[in-house]
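Shown here: input.pdb, PDB, C-alpha atoms.
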```pdb
ATOM      1  CA  MET A   1      25.301  45.191 -11.657
ATOM      2  CA  ARG A   2      27.497  47.473  -9.627
ATOM      3  CA  PHE A   3      26.462  50.957  -8.471
ATOM      4  CA  ILE A   4      29.088  53.586  -7.690
ATOM      5  CA  ASP A   5      27.551  56.434  -5.729
ATOM      6  CA  ARG A   6      28.575  60.050  -5.407
ATOM      7  CA  ASP A   7      30.623  59.581  -2.244
ATOM      8  CA  GLU A   8      32.646  56.741  -3.743
ATOM      9  CA  VAL A   9      33.319  58.732  -6.920
ATOM     10  CA  ARG A  10      34.478  61.716  -4.879
ATOM     11  CA  GLU A  11      36.723  59.583  -2.695
ATOM     12  CA  ARG A  12      38.324  57.421  -5.359
ATOM     13  CA  LEU A  13      38.377  59.544  -8.534
ATOM     14  CA  THR A  14      41.323  61.653  -7.447
ATOM     15  CA  TYR A  15      43.008  64.146  -9.765
ATOM     16  CA  GLU A  16      46.147  62.033  -9.640
ATOM     17  CA  LEU A  17      44.066  59.236 -11.180
ATOM     18  CA  CYS A  18      41.748  61.274 -13.396
ATOM     19  CA  ILE A  19      44.183  63.671 -15.076
ATOM     20  CA  PRO A  20      46.222  60.952 -16.832
ATOM     21  CA  LEU A  21      43.014  59.003 -17.599
ATOM     22  CA  VAL A  22      41.465  61.996 -19.315
ATOM     23  CA  ARG A  23      44.715  62.768 -21.126
ATOM     24  CA  GLN A  24      44.772  59.286 -22.669
ATOM     25  CA  ALA A  25      41.037  59.454 -23.463
ATOM     26  CA  MET A  26      41.550  62.728 -25.347
ATOM     27  CA  ILE A  27      44.409  61.272 -27.374
ATOM     28  CA  ALA A  28      42.374  58.167 -28.225
ATOM     29  CA  PHE A  29      39.396  60.335 -29.193
ATOM     30  CA  SER A  30      41.452  62.500 -31.567
ATOM     31  CA  ARG A  31      43.060  59.423 -33.121
ATOM     32  CA  GLY A  32      39.618  58.008 -33.902
ATOM     33  CA  GLU A  33      40.096  55.022 -31.625
ATOM     34  CA  THR A  34      36.883  55.767 -29.717
ATOM     35  CA  ARG A  35      33.372  56.255 -30.998
ATOM     36  CA  GLN A  36      30.623  58.659 -30.006
ATOM     37  CA  HIS A  37      27.772  60.771 -31.275
ATOM     38  CA  LEU A  38      27.352  64.474 -30.630
ATOM     39  CA  ARG A  39      25.444  65.007 -27.429
ATOM     40  CA  SER A  40      21.693  65.302 -27.785
ATOM     41  CA  ILE A  41      20.282  68.122 -25.678
ATOM     42  CA  LEU A  42      16.586  68.373 -24.811
ATOM     43  CA  PRO A  43      15.670  71.840 -23.465
ATOM     44  CA  LEU A  44      13.109  71.637 -20.672
ATOM     45  CA  SER A  45      12.650  75.241 -19.553
ATOM     46  CA  GLU A  46      14.823  78.251 -18.771
ATOM     47  CA  GLY A  47      17.996  76.988 -17.081
ATOM     48  CA  ARG A  48      16.923  73.332 -17.247
ATOM     49  CA  MET A  49      17.933  70.707 -19.819
ATOM     50  CA  PHE A  50      18.459  66.983 -20.311
ATOM     51  CA  GLY A  51      21.388  65.536 -22.237
ATOM     52  CA  ILE A  52      22.152  62.104 -23.686
ATOM     53  CA  MET A  53      25.771  61.268 -24.584
ATOM     54  CA  PRO A  54      26.486  57.790 -26.060
ATOM     55  CA  GLY A  55      29.947  56.467 -26.834
ATOM     56  CA  ALA A  56      32.392  53.573 -26.906
ATOM     57  CA  LEU A  57      36.008  53.317 -25.801
ATOM     58  CA  GLY A  58      36.862  51.105 -28.788
ATOM     59  CA  GLU A  59      35.507  48.440 -31.121
ATOM     60  CA  HIS A  60      35.594  45.710 -28.472
ATOM     61  CA  ALA A  61      35.975  47.899 -25.393
ATOM     62  CA  MET A  62      33.418  49.083 -22.888
ATOM     63  CA  PHE A  63      30.669  51.338 -24.188
ATOM     64  CA  GLY A  64      27.747  53.190 -22.673
ATOM     65  CA  ALA A  65      26.126  56.549 -22.186
ATOM     66  CA  LYS A  66      25.806  59.456 -19.841
ATOM     67  CA  LEU A  67      22.285  60.580 -19.040
ATOM     68  CA  ILE A  68      22.533  63.996 -17.441
ATOM     69  CA  SER A  69      20.228  66.788 -16.337
ATOM     70  CA  VAL A  70      21.534  70.329 -15.917
ATOM     71  CA  PHE A  71      19.471  72.523 -13.603
ATOM     72  CA  HIS A  72      21.295  75.823 -13.097
ATOM     73  CA  GLY A  73      19.039  76.820 -10.200
ATOM     74  CA  ASN A  74      20.333  73.929  -8.104
ATOM     75  CA  PHE A  75      23.451  75.840  -7.026
ATOM     76  CA  ALA A  76      21.345  78.277  -5.009
ATOM     77  CA  LYS A  77      19.773  75.262  -3.280
ATOM     78  CA  GLY A  78      23.151  73.824  -2.337
ATOM     79  CA  ILE A  79      22.927  70.811  -4.651
ATOM     80  CA  GLN A  80      24.745  69.853  -7.835
ATOM     81  CA  SER A  81      23.589  71.450 -11.076
ATOM     82  CA  HIS A  82      24.489  68.243 -12.969
ATOM     83  CA  GLN A  83      22.506  65.153 -11.979
ATOM     84  CA  GLY A  84      22.505  61.783 -13.689
ATOM     85  CA  VAL A  85      24.209  58.472 -14.316
ATOM     86  CA  VAL A  86      26.953  56.955 -16.441
ATOM     87  CA  VAL A  87      25.957  53.472 -17.618
ATOM     88  CA  LEU A  88      28.729  51.047 -18.614
ATOM     89  CA  PHE A  89      28.265  47.966 -20.831
ATOM     90  CA  ASP A  90      30.750  45.126 -21.228
ATOM     91  CA  GLY A  91      32.517  45.274 -24.584
ATOM     92  CA  GLU A  92      32.507  41.495 -25.123
ATOM     93  CA  THR A  93      29.035  40.422 -23.951
ATOM     94  CA  GLY A  94      27.080  43.668 -24.326
ATOM     95  CA  ALA A  95      25.758  43.301 -20.780
ATOM     96  CA  PRO A  96      25.292  46.367 -18.550
ATOM     97  CA  VAL A  97      27.780  46.075 -15.705
ATOM     98  CA  CYS A  98      27.916  49.395 -13.863
ATOM     99  CA  ILE A  99      26.011  52.568 -13.069
ATOM    100  CA  ALA A 100      28.035  55.484 -11.674
ATOM    101  CA  HIS A 101      27.065  58.930 -10.358
ATOM    102  CA  ALA A 102      27.383  61.239 -13.363
ATOM    103  CA  GLY A 103      27.250  64.541 -11.513
ATOM    104  CA  GLU A 104      30.385  63.817  -9.514
ATOM    105  CA  ILE A 105      32.226  62.254 -12.464
ATOM    106  CA  THR A 106      31.369  65.300 -14.604
ATOM    107  CA  ALA A 107      32.639  67.724 -11.979
ATOM    108  CA  ILE A 108      35.972  65.957 -11.595
ATOM    109  CA  ARG A 109      36.693  64.927 -15.189
ATOM    110  CA  THR A 110      35.809  68.382 -16.582
ATOM    111  CA  ALA A 111      38.361  69.999 -14.299
ATOM    112  CA  ALA A 112      40.875  67.256 -15.048
ATOM    113  CA  ALA A 113      40.445  67.924 -18.789
ATOM    114  CA  SER A 114      41.058  71.642 -18.263
ATOM    115  CA  ALA A 115      44.158  70.771 -16.251
ATOM    116  CA  VAL A 116      45.419  68.598 -19.117
ATOM    117  CA  ALA A 117      44.794  71.423 -21.590
ATOM    118  CA  THR A 118      46.404  73.985 -19.301
ATOM    119  CA  ASP A 119      49.469  71.796 -18.900
ATOM    120  CA  ALA A 120      49.756  71.510 -22.692
ATOM    121  CA  LEU A 121      48.976  75.131 -23.636
ATOM    122  CA  ALA A 122      49.871  77.478 -20.775
ATOM    123  CA  ARG A 123      53.402  78.816 -20.487
ATOM    124  CA  PRO A 124      55.606  76.554 -18.337
ATOM    125  CA  ASP A 125      56.114  79.356 -15.807
ATOM    126  CA  ALA A 126      52.404  80.282 -15.544
ATOM    127  CA  ALA A 127      51.753  80.905 -11.844
ATOM    128  CA  ARG A 128      48.735  83.221 -11.491
ATOM    129  CA  MET A 129      45.187  82.187 -12.348
ATOM    130  CA  ALA A 130      41.835  83.926 -12.506
ATOM    131  CA  ILE A 131      38.632  81.937 -12.033
ATOM    132  CA  LEU A 132      35.407  83.462 -13.331
ATOM    133  CA  GLY A 133      32.623  81.944 -11.279
ATOM    134  CA  TYR A 134      32.437  80.486  -7.773
ATOM    135  CA  GLY A 135      30.290  77.390  -8.234
ATOM    136  CA  GLU A 136      31.221  73.724  -8.040
ATOM    137  CA  GLN A 137      33.382  73.838 -11.175
ATOM    138  CA  ALA A 138      35.361  76.750  -9.754
ATOM    139  CA  GLY A 139      36.455  74.594  -6.834
ATOM    140  CA  THR A 140      37.265  71.529  -8.917
ATOM    141  CA  HIS A 141      39.254  73.619 -11.409
ATOM    142  CA  ALA A 142      41.289  75.286  -8.680
ATOM    143  CA  ARG A 143      42.190  71.846  -7.314
ATOM    144  CA  ALA A 144      42.932  70.265 -10.697
ATOM    145  CA  ILE A 145      44.982  73.068 -12.236
ATOM    146  CA  SER A 146      47.055  73.359  -9.066
ATOM    147  CA  LYS A 147      48.230  69.820  -9.900
ATOM    148  CA  VAL A 148      49.827  70.916 -13.211
ATOM    149  CA  ARG A 149      51.133  74.397 -12.358
ATOM    150  CA  LYS A 150      52.668  75.746  -9.161
ATOM    151  CA  LEU A 151      50.145  78.508  -8.550
ATOM    152  CA  GLU A 152      51.330  81.498  -6.575
ATOM    153  CA  ALA A 153      47.983  83.327  -6.490
ATOM    154  CA  ILE A 154      44.384  82.965  -7.620
ATOM    155  CA  THR A 155      41.805  85.693  -8.197
ATOM    156  CA  VAL A 156      38.113  84.938  -8.380
ATOM    157  CA  TRP A 157      35.178  86.940  -9.682
ATOM    158  CA  GLY A 158      31.470  86.267  -9.296
ATOM    159  CA  ARG A 159      28.271  88.271  -9.448
ATOM    160  CA  ASP A 160      27.722  88.080  -5.683
ATOM    161  CA  PRO A 161      30.757  89.659  -3.970
ATOM    162  CA  ALA A 162      29.986  87.958  -0.659
ATOM    163  CA  LYS A 163      29.948  84.509  -2.262
ATOM    164  CA  ALA A 164      33.136  85.297  -4.171
ATOM    165  CA  LYS A 165      34.850  86.269  -0.911
ATOM    166  CA  ALA A 166      33.584  83.105   0.801
ATOM    167  CA  PHE A 167      34.915  81.002  -2.078
ATOM    168  CA  ALA A 168      38.272  82.806  -1.907
ATOM    169  CA  LYS A 169      38.577  82.192   1.826
ATOM    170  CA  ALA A 170      37.675  78.497   1.583
ATOM    171  CA  THR A 171      39.939  77.859  -1.414
ATOM    172  CA  GLU A 172      42.903  79.632   0.178
ATOM    173  CA  SER A 173      42.475  77.506   3.291
ATOM    174  CA  GLU A 174      42.258  74.287   1.259
ATOM    175  CA  LEU A 175      45.077  74.870  -1.226
ATOM    176  CA  GLY A 176      47.416  77.042   0.826
ATOM    177  CA  VAL A 177      47.580  79.581  -2.027
ATOM    178  CA  PRO A 178      46.611  83.261  -1.689
ATOM    179  CA  VAL A 179      43.131  83.708  -3.212
ATOM    180  CA  PHE A 180      41.596  87.164  -3.755
ATOM    181  CA  ALA A 181      38.063  88.152  -4.697
ATOM    182  CA  ALA A 182      38.087  90.781  -7.463
ATOM    183  CA  PRO A 183      35.291  93.358  -7.886
ATOM    184  CA  SER A 184      35.208  93.007 -11.694
ATOM    185  CA  VAL A 185      36.195  90.570 -14.409
ATOM    186  CA  ARG A 186      38.666  93.081 -15.798
ATOM    187  CA  GLN A 187      40.432  93.338 -12.449
ATOM    188  CA  ALA A 188      40.317  89.572 -11.945
ATOM    189  CA  VAL A 189      42.181  88.820 -15.188
ATOM    190  CA  ALA A 190      44.716  91.652 -14.938
ATOM    191  CA  GLY A 191      48.237  90.284 -14.687
ATOM    192  CA  VAL A 192      47.313  86.592 -14.704
ATOM    193  CA  ASP A 193      48.745  83.798 -16.839
ATOM    194  CA  ILE A 194      45.697  81.494 -16.859
ATOM    195  CA  VAL A 195      42.011  82.405 -17.065
ATOM    196  CA  THR A 196      39.434  79.731 -16.325
ATOM    197  CA  ALA A 197      35.845  80.718 -17.108
ATOM    198  CA  VAL A 198      33.261  78.526 -15.365
ATOM    199  CA  SER A 199      30.572  81.141 -14.866
ATOM    200  CA  GLY A 200      27.611  79.820 -16.837
ATOM    201  CA  ALA A 201      27.094  83.393 -18.096
ATOM    202  CA  ARG A 202      24.394  83.958 -20.689
ATOM    203  CA  GLU A 203      26.234  86.884 -22.327
ATOM    204  CA  PRO A 204      29.973  87.580 -22.658
ATOM    205  CA  ILE A 205      31.681  88.628 -19.442
ATOM    206  CA  LEU A 206      35.300  88.298 -20.641
ATOM    207  CA  GLU A 207      36.611  90.779 -23.216
ATOM    208  CA  GLY A 208      39.637  90.036 -25.341
ATOM    209  CA  ALA A 209      41.000  93.513 -24.714
ATOM    210  CA  TRP A 210      41.502  92.591 -21.047
ATOM    211  CA  VAL A 211      43.489  89.417 -21.771
ATOM    212  CA  ALA A 212      47.239  89.974 -21.864
ATOM    213  CA  PRO A 213      49.499  88.424 -24.509
ATOM    214  CA  GLY A 214      50.721  84.996 -23.423
ATOM    215  CA  THR A 215      47.623  84.118 -21.429
ATOM    216  CA  HIS A 216      45.973  80.724 -21.637
ATOM    217  CA  VAL A 217      42.155  80.694 -21.376
ATOM    218  CA  ASN A 218      39.897  77.764 -20.533
ATOM    219  CA  LEU A 219      36.308  78.379 -21.720
ATOM    220  CA  VAL A 220      34.254  75.855 -19.781
ATOM    221  CA  GLY A 221      31.033  77.395 -18.488
ATOM    222  CA  SER A 222      29.048  77.282 -21.731
ATOM    223  CA  SER A 223      28.374  73.719 -22.852
ATOM    224  CA  GLY A 224      25.926  74.449 -25.665
ATOM    225  CA  PRO A 225      25.271  76.802 -28.583
ATOM    226  CA  GLY A 226      23.427  79.452 -26.535
ATOM    227  CA  PRO A 227      25.247  80.941 -23.508
ATOM    228  CA  THR A 228      28.645  82.504 -24.129
ATOM    229  CA  GLU A 229      31.364  83.660 -21.731
ATOM    230  CA  ALA A 230      33.814  85.493 -24.022
ATOM    231  CA  ASP A 231      33.497  88.173 -26.694
ATOM    232  CA  HIS A 232      34.438  87.968 -30.374
ATOM    233  CA  ASP A 233      37.760  89.728 -29.833
ATOM    234  CA  LEU A 234      39.140  86.999 -27.589
ATOM    235  CA  VAL A 235      38.099  84.270 -30.023
ATOM    236  CA  VAL A 236      39.611  86.087 -33.016
ATOM    237  CA  ARG A 237      42.903  86.906 -31.262
ATOM    238  CA  SER A 238      43.516  83.424 -29.936
ATOM    239  CA  ARG A 239      44.913  80.121 -31.106
ATOM    240  CA  PHE A 240      41.627  78.278 -30.663
ATOM    241  CA  ILE A 241      41.798  74.595 -29.731
ATOM    242  CA  ALA A 242      38.811  72.343 -29.020
ATOM    243  CA  ASP A 243      38.267  69.223 -26.985
ATOM    244  CA  SER A 244      36.177  68.000 -29.952
ATOM    245  CA  ARG A 245      36.390  69.921 -33.222
ATOM    246  CA  GLU A 246      33.098  68.462 -34.438
ATOM    247  CA  GLY A 247      31.472  69.402 -31.152
ATOM    248  CA  VAL A 248      32.714  72.994 -31.178
ATOM    249  CA  LEU A 249      31.736  73.532 -34.825
ATOM    250  CA  ALA A 250      28.198  72.470 -33.905
ATOM    251  CA  GLN A 251      27.785  73.591 -30.291
ATOM    252  CA  GLY A 252      30.644  75.890 -29.220
ATOM    253  CA  ALA A 253      28.867  79.160 -28.475
ATOM    254  CA  GLU A 254      31.837  81.545 -28.466
ATOM    255  CA  PHE A 255      33.090  80.178 -31.782
ATOM    256  CA  LEU A 256      29.622  80.122 -33.377
ATOM    257  CA  TYR A 257      28.859  83.759 -32.512
ATOM    258  CA  ALA A 258      32.184  84.971 -33.925
ATOM    259  CA  LYS A 259      31.586  82.915 -37.056
ATOM    260  CA  ALA A 260      28.049  84.281 -37.456
ATOM    261  CA  ALA A 261      29.515  87.800 -37.238
ATOM    262  CA  GLY A 262      31.709  86.962 -40.240
ATOM    263  CA  LEU A 263      34.956  87.323 -38.284
ATOM    264  CA  ILE A 264      36.225  83.736 -38.615
ATOM    265  CA  ASP A 265      35.478  80.491 -40.416
ATOM    266  CA  ASP A 266      35.733  76.828 -39.443
ATOM    267  CA  SER A 267      39.498  76.835 -39.968
ATOM    268  CA  HIS A 268      39.850  79.033 -36.879
ATOM    269  CA  VAL A 269      39.400  75.879 -34.787
ATOM    270  CA  VAL A 270      42.927  74.701 -35.501
ATOM    271  CA  GLY A 271      42.404  71.259 -34.004
ATOM    272  CA  GLU A 272      41.832  69.237 -30.864
ATOM    273  CA  ILE A 273      43.718  69.078 -27.615
ATOM    274  CA  GLY A 274      44.173  65.335 -28.170
ATOM    275  CA  GLN A 275      46.198  66.134 -31.289
ATOM    276  CA  VAL A 276      48.411  68.477 -29.276
ATOM    277  CA  LEU A 277      48.923  65.845 -26.591
ATOM    278  CA  ALA A 278      49.831  63.226 -29.209
ATOM    279  CA  GLY A 279      52.369  65.560 -30.841
ATOM    280  CA  ASP A 280      50.350  65.804 -34.063
ATOM    281  CA  LEU A 281      49.491  69.505 -33.681
ATOM    282  CA  GLU A 282      51.509  72.410 -32.361
ATOM    283  CA  GLY A 283      49.974  73.952 -29.266
ATOM    284  CA  ARG A 284      51.378  77.239 -28.006
ATOM    285  CA  GLN A 285      53.593  78.743 -30.712
ATOM    286  CA  SER A 286      55.144  81.622 -28.755
ATOM    287  CA  ARG A 287      55.238  83.161 -25.273
ATOM    288  CA  GLU A 288      53.097  86.056 -26.481
ATOM    289  CA  GLN A 289      50.341  83.985 -28.090
ATOM    290  CA  ILE A 290      46.909  83.780 -26.447
ATOM    291  CA  THR A 291      45.655  80.194 -26.395
ATOM    292  CA  VAL A 292      42.053  79.135 -25.841
ATOM    293  CA  TYR A 293      40.851  75.669 -24.903
ATOM    294  CA  LYS A 294      37.127  75.352 -25.590
ATOM    295  CA  SER A 295      35.646  72.625 -23.412
ATOM    296  CA  LEU A 296      32.305  71.002 -24.170
ATOM    297  CA  GLY A 297      33.174  67.630 -22.674
ATOM    298  CA  HIS A 298      32.783  64.320 -24.445
ATOM    299  CA  VAL A 299      31.456  61.042 -23.177
ATOM    300  CA  VAL A 300      34.649  59.037 -23.582
ATOM    301  CA  GLN A 301      36.044  61.094 -20.699
ATOM    302  CA  ASP A 302      33.113  59.949 -18.532
ATOM    303  CA  LEU A 303      33.371  56.347 -19.712
ATOM    304  CA  ALA A 304      37.118  56.212 -19.054
ATOM    305  CA  ALA A 305      36.619  57.556 -15.529
ATOM    306  CA  ALA A 306      33.743  55.178 -14.745
ATOM    307  CA  LYS A 307      35.659  52.219 -16.188
ATOM    308  CA  ALA A 308      38.678  52.944 -13.999
ATOM    309  CA  LEU A 309      36.499  53.030 -10.882
ATOM    310  CA  TYR A 310      34.635  49.867 -11.909
ATOM    311  CA  GLU A 311      37.773  47.853 -12.630
ATOM    312  CA  SER A 312      39.883  48.996  -9.691
ATOM    313  CA  LYS A 313      37.636  47.737  -6.900
TER     314      LYS A 313
END
```
For the file at hand, write its structure as structure tokens.
Amino acid sequence: MRFIDRDEVRERLTYELCIPLVRQAMIAFSRGETRQHLRSILPLSEGRMFGIMPGALGEHAMFGAKLISVFHGNFAKGIQSHQGVVVLFDGETGAPVCIAHAGEITAIRTAAASAVATDALARPDAARMAILGYGEQAGTHARAISKVRKLEAITVWGRDPAKAKAFAKATESELGVPVFAAPSVRQAVAGVDIVTAVSGAREPILEGAWVAPGTHVNLVGSSGPGPTEADHDLVVRSRFIADSREGVLAQGAEFLYAKAAGLIDDSHVVGEIGQVLAGDLEGRQSREQITVYKSLGHVVQDLAAAKALYESK
């Protein structure tokens, strides 16, 4: 059995490879060509959980599961918040053939998925982005989205101004794009075309009133039914598109809170990004429309990434 460690994933799972992989995985998922169950989440204690995500890339294709722990306190220790493995099984014999580092795959494929959604939903001339959060996903999203839009400037907000400034300096040096640390979320999102929320906030930090018409928003930081990054107003005002409609109806926090308040119903989730990519669903309908991509992540993205690494070397 082959083992693909974190360093190999980071080196070989480039955005040039991962973005088209994830795009095709999302289309296949929305067409029903893949199979998976909703993720099972086992809470451990405050800020600590364990998730199990099983799936298959097709009837006779590779299948497997991601076993992942999420420990939010790890960031302060300088280690990944997501730890775990992706296990691949051969689709013909049923034999396990590969174990890959899930933390690194998750970091890269999540950002690649947001880049795919941004490419499909943001205005073609979108050039300014705000990132809410300065953790690992902030860096991966800056790299990935810069592959699908020619960014002219990035603003970043985080609770610790010093860390936000350090992130801005490092990201500007890496990408060659001006990056500014903003003192508030409202100031961070003013005048931008793309907002990417990767904060892991427990309560809403992004208000719909601050989001200008025509903005595209990626809601990524909350991956379960509890924490939420955006208020009801943003959800209600937006064309709301999921990575997995079933997943968002069950576990998408921002949607669930707005629904519980009686402001929307299930029809507000107009569809999945895979349907948009396949041409089966209209994405952005006008320059002035606010679009939201709600990301929970699904295991076929992880399996597709691990399979590509396993088969290419």
(request) For atom CA of Gly91 of chain A and atom CA of Cys18 of chain A, determine how far apart the two atoms are, in Å to one decimal place. (result) 21.6 Å
(request) Point out the residue among A:Ser114, A:Ser223, A:Asn74, A:Thr93 with the least atom-to-atom distance to Ala61 of chain A, counting all atoms listed in the file. (result) A:Thr93
(message) One number please: atom CA of Trp157 of chain A to atom CA of Asp231 of chain A, in Å, one decimal.
(response) 17.1 Å
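Selection check: the PyMOL selection byres ((chain A and resi 215) around 8) on the shown file gives Ala122, Arg123, Val192, Asp193, Ile194, Val195, Val211, Ala212, Pro213, Gly214, His216, Val217, Glu288, Gln289, Ile290 and Thr291 of chain A.
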(request) Run the PyMOL selection byres ((chain A and resi 104) around 12) mentally over the shown coordinates, then write out the matched residues as number ranges by chain, using the chain letters and numbers from the document. (result) A: 4-14, 68, 79-86, 100-103, 105-111, 136-137, 140, 302, 305-306
Dump of C-alpha atoms for the selected residues, as a JSON list (two decimals), in the frame of the given file:
```json
[["chain", "number", "residue", "atom", "x", "y", "z"],
["A", 4, "ILE", "CA", 29.09, 53.59, -7.69],
["A", 5, "ASP", "CA", 27.55, 56.43, -5.73],
["A", 6, "ARG", "CA", 28.58, 60.05, -5.41],
["A", 7, "ASP", "CA", 30.62, 59.58, -2.24],
["A", 8, "GLU", "CA", 32.65, 56.74, -3.74],
["A", 9, "VAL", "CA", 33.32, 58.73, -6.92],
["A", 10, "ARG", "CA", 34.48, 61.72, -4.88],
["A", 11, "GLU", "CA", 36.72, 59.58, -2.70],
["A", 12, "ARG", "CA", 38.32, 57.42, -5.36],
["A", 13, "LEU", "CA", 38.38, 59.54, -8.53],
["A", 14, "THR", "CA", 41.32, 61.65, -7.45],
["A", 68, "ILE", "CA", 22.53, 64.00, -17.44],
["A", 79, "ILE", "CA", 22.93, 70.81, -4.65],
["A", 80, "GLN", "CA", 24.74, 69.85, -7.84],
["A", 81, "SER", "CA", 23.59, 71.45, -11.08],
["A", 82, "HIS", "CA", 24.49, 68.24, -12.97],
["A", 83, "GLN", "CA", 22.51, 65.15, -11.98],
["A", 84, "GLY", "CA", 22.50, 61.78, -13.69],
["A", 85, "VAL", "CA", 24.21, 58.47, -14.32],
["A", 86, "VAL", "CA", 26.95, 56.96, -16.44],
["A", 100, "ALA", "CA", 28.04, 55.48, -11.67],
["A", 101, "HIS", "CA", 27.06, 58.93, -10.36],
["A", 102, "ALA", "CA", 27.38, 61.24, -13.36],
["A", 103, "GLY", "CA", 27.25, 64.54, -11.51],
["A", 105, "ILE", "CA", 32.23, 62.25, -12.46],
["A", 106, "THR", "CA", 31.37, 65.30, -14.60],
["A", 107, "ALA", "CA", 32.64, 67.72, -11.98],
["A", 108, "ILE", "CA", 35.97, 65.96, -11.60],
["A", 109, "ARG", "CA", 36.69, 64.93, -15.19],
["A", 110, "THR", "CA", 35.81, 68.38, -16.58],
["A", 111, "ALA", "CA", 38.36, 70.00, -14.30],
["A", 136, "GLU", "CA", 31.22, 73.72, -8.04],
["A", 137, "GLN", "CA", 33.38, 73.84, -11.18],
["A", 140, "THR", "CA", 37.26, 71.53, -8.92],
["A", 302, "ASP", "CA", 33.11, 59.95, -18.53],
["A", 305, "ALA", "CA", 36.62, 57.56, -15.53],
["A", 306, "ALA", "CA", 33.74, 55.18, -14.74]]
```
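Listed by chain and then by number, the residues chosen by the PyMOL selection byres ((chain A and resi 235) around 8) in this file are Gly208, Ala230, Asp231, His232, Asp233, Leu234, Val236, Arg237, Ser238, Phe240, Glu254, Phe255, Ala258 and Val292 of chain A.
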Writing out the chosen residues with C-alpha atoms as a PDB file, in the frame of the given file:
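What landed in again24.pdb:
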```pdb
ATOM      1  CA  GLY A 208      39.637  90.036 -25.341  1.00  0.00           C
ATOM      2  CA  ALA A 230      33.814  85.493 -24.022  1.00  0.00           C
ATOM      3  CA  ASP A 231      33.497  88.173 -26.694  1.00  0.00           C
ATOM      4  CA  HIS A 232      34.438  87.968 -30.374  1.00  0.00           C
ATOM      5  CA  ASP A 233      37.760  89.728 -29.833  1.00  0.00           C
ATOM      6  CA  LEU A 234      39.140  86.999 -27.589  1.00  0.00           C
ATOM      7  CA  VAL A 236      39.611  86.087 -33.016  1.00  0.00           C
ATOM      8  CA  ARG A 237      42.903  86.906 -31.262  1.00  0.00           C
ATOM      9  CA  SER A 238      43.516  83.424 -29.936  1.00  0.00           C
ATOM     10  CA  PHE A 240      41.627  78.278 -30.663  1.00  0.00           C
ATOM     11  CA  GLU A 254      31.837  81.545 -28.466  1.00  0.00           C
ATOM     12  CA  PHE A 255      33.090  80.178 -31.782  1.00  0.00           C
ATOM     13  CA  ALA A 258      32.184  84.971 -33.925  1.00  0.00           C
ATOM     14  CA  VAL A 292      42.053  79.135 -25.841  1.00  0.00           C
TER      15      VAL A 292
END
```
Do a neighbour search on Gly158 of chain A at 12 Å with only C-alpha atoms, toss out local chain neighbours closer than 2 positions, and write the hits as a PDB file with C-alpha atoms, in the coordinates of the input.
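Once written, part05.pdb looks like this:
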```
ATOM      1  CA  ALA A 130      41.835  83.926 -12.506  1.00  0.00           C
ATOM      2  CA  ILE A 131      38.632  81.937 -12.033  1.00  0.00           C
ATOM      3  CA  LEU A 132      35.407  83.462 -13.331  1.00  0.00           C
ATOM      4  CA  GLY A 133      32.623  81.944 -11.279  1.00  0.00           C
ATOM      5  CA  TYR A 134      32.437  80.486  -7.773  1.00  0.00           C
ATOM      6  CA  GLY A 135      30.290  77.390  -8.234  1.00  0.00           C
ATOM      7  CA  ALA A 138      35.361  76.750  -9.754  1.00  0.00           C
ATOM      8  CA  THR A 155      41.805  85.693  -8.197  1.00  0.00           C
ATOM      9  CA  VAL A 156      38.113  84.938  -8.380  1.00  0.00           C
ATOM     10  CA  ASP A 160      27.722  88.080  -5.683  1.00  0.00           C
ATOM     11  CA  PRO A 161      30.757  89.659  -3.970  1.00  0.00           C
ATOM     12  CA  ALA A 162      29.986  87.958  -0.659  1.00  0.00           C
ATOM     13  CA  LYS A 163      29.948  84.509  -2.262  1.00  0.00           C
ATOM     14  CA  ALA A 164      33.136  85.297  -4.171  1.00  0.00           C
ATOM     15  CA  LYS A 165      34.850  86.269  -0.911  1.00  0.00           C
ATOM     16  CA  ALA A 166      33.584  83.105   0.801  1.00  0.00           C
ATOM     17  CA  PHE A 167      34.915  81.002  -2.078  1.00  0.00           C
ATOM     18  CA  ALA A 168      38.272  82.806  -1.907  1.00  0.00           C
ATOM     19  CA  PHE A 180      41.596  87.164  -3.755  1.00  0.00           C
ATOM     20  CA  ALA A 181      38.063  88.152  -4.697  1.00  0.00           C
ATOM     21  CA  ALA A 182      38.087  90.781  -7.463  1.00  0.00           C
ATOM     22  CA  PRO A 183      35.291  93.358  -7.886  1.00  0.00           C
ATOM     23  CA  SER A 184      35.208  93.007 -11.694  1.00  0.00           C
ATOM     24  CA  VAL A 185      36.195  90.570 -14.409  1.00  0.00           C
ATOM     25  CA  ARG A 186      38.666  93.081 -15.798  1.00  0.00           C
ATOM     26  CA  GLN A 187      40.432  93.338 -12.449  1.00  0.00           C
ATOM     27  CA  ALA A 188      40.317  89.572 -11.945  1.00  0.00           C
ATOM     28  CA  ALA A 197      35.845  80.718 -17.108  1.00  0.00           C
ATOM     29  CA  VAL A 198      33.261  78.526 -15.365  1.00  0.00           C
ATOM     30  CA  SER A 199      30.572  81.141 -14.866  1.00  0.00           C
ATOM     31  CA  GLY A 200      27.611  79.820 -16.837  1.00  0.00           C
ATOM     32  CA  ALA A 201      27.094  83.393 -18.096  1.00  0.00           C
ATOM     33  CA  ILE A 205      31.681  88.628 -19.442  1.00  0.00           C
TER      34      ILE A 205
END
```
Determine, counting all atoms listed in the file, which protein, DNA and RNA residues have an atom within 10 Å of an atom of Ala153 of chain A; residues of the same chain fewer than 5 positions away are not included. Present the result as a compact mmCIF listing (two decimals) with C-alpha atoms, in the frame of the given file.
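Contents of around_14.txt, freshly written:
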```
# COMPACT_ATOMS: atom_id res chain seq x y z
CA ALA A 127 51.75 80.90 -11.84
CA ARG A 128 48.74 83.22 -11.49
CA MET A 129 45.19 82.19 -12.35
CA ALA A 130 41.84 83.93 -12.51
CA GLU A 172 42.90 79.63 0.18
CA GLY A 176 47.42 77.04 0.83
CA VAL A 177 47.58 79.58 -2.03
CA PRO A 178 46.61 83.26 -1.69
CA VAL A 179 43.13 83.71 -3.21
CA PHE A 180 41.60 87.16 -3.76
CA VAL A 192 47.31 86.59 -14.70
```
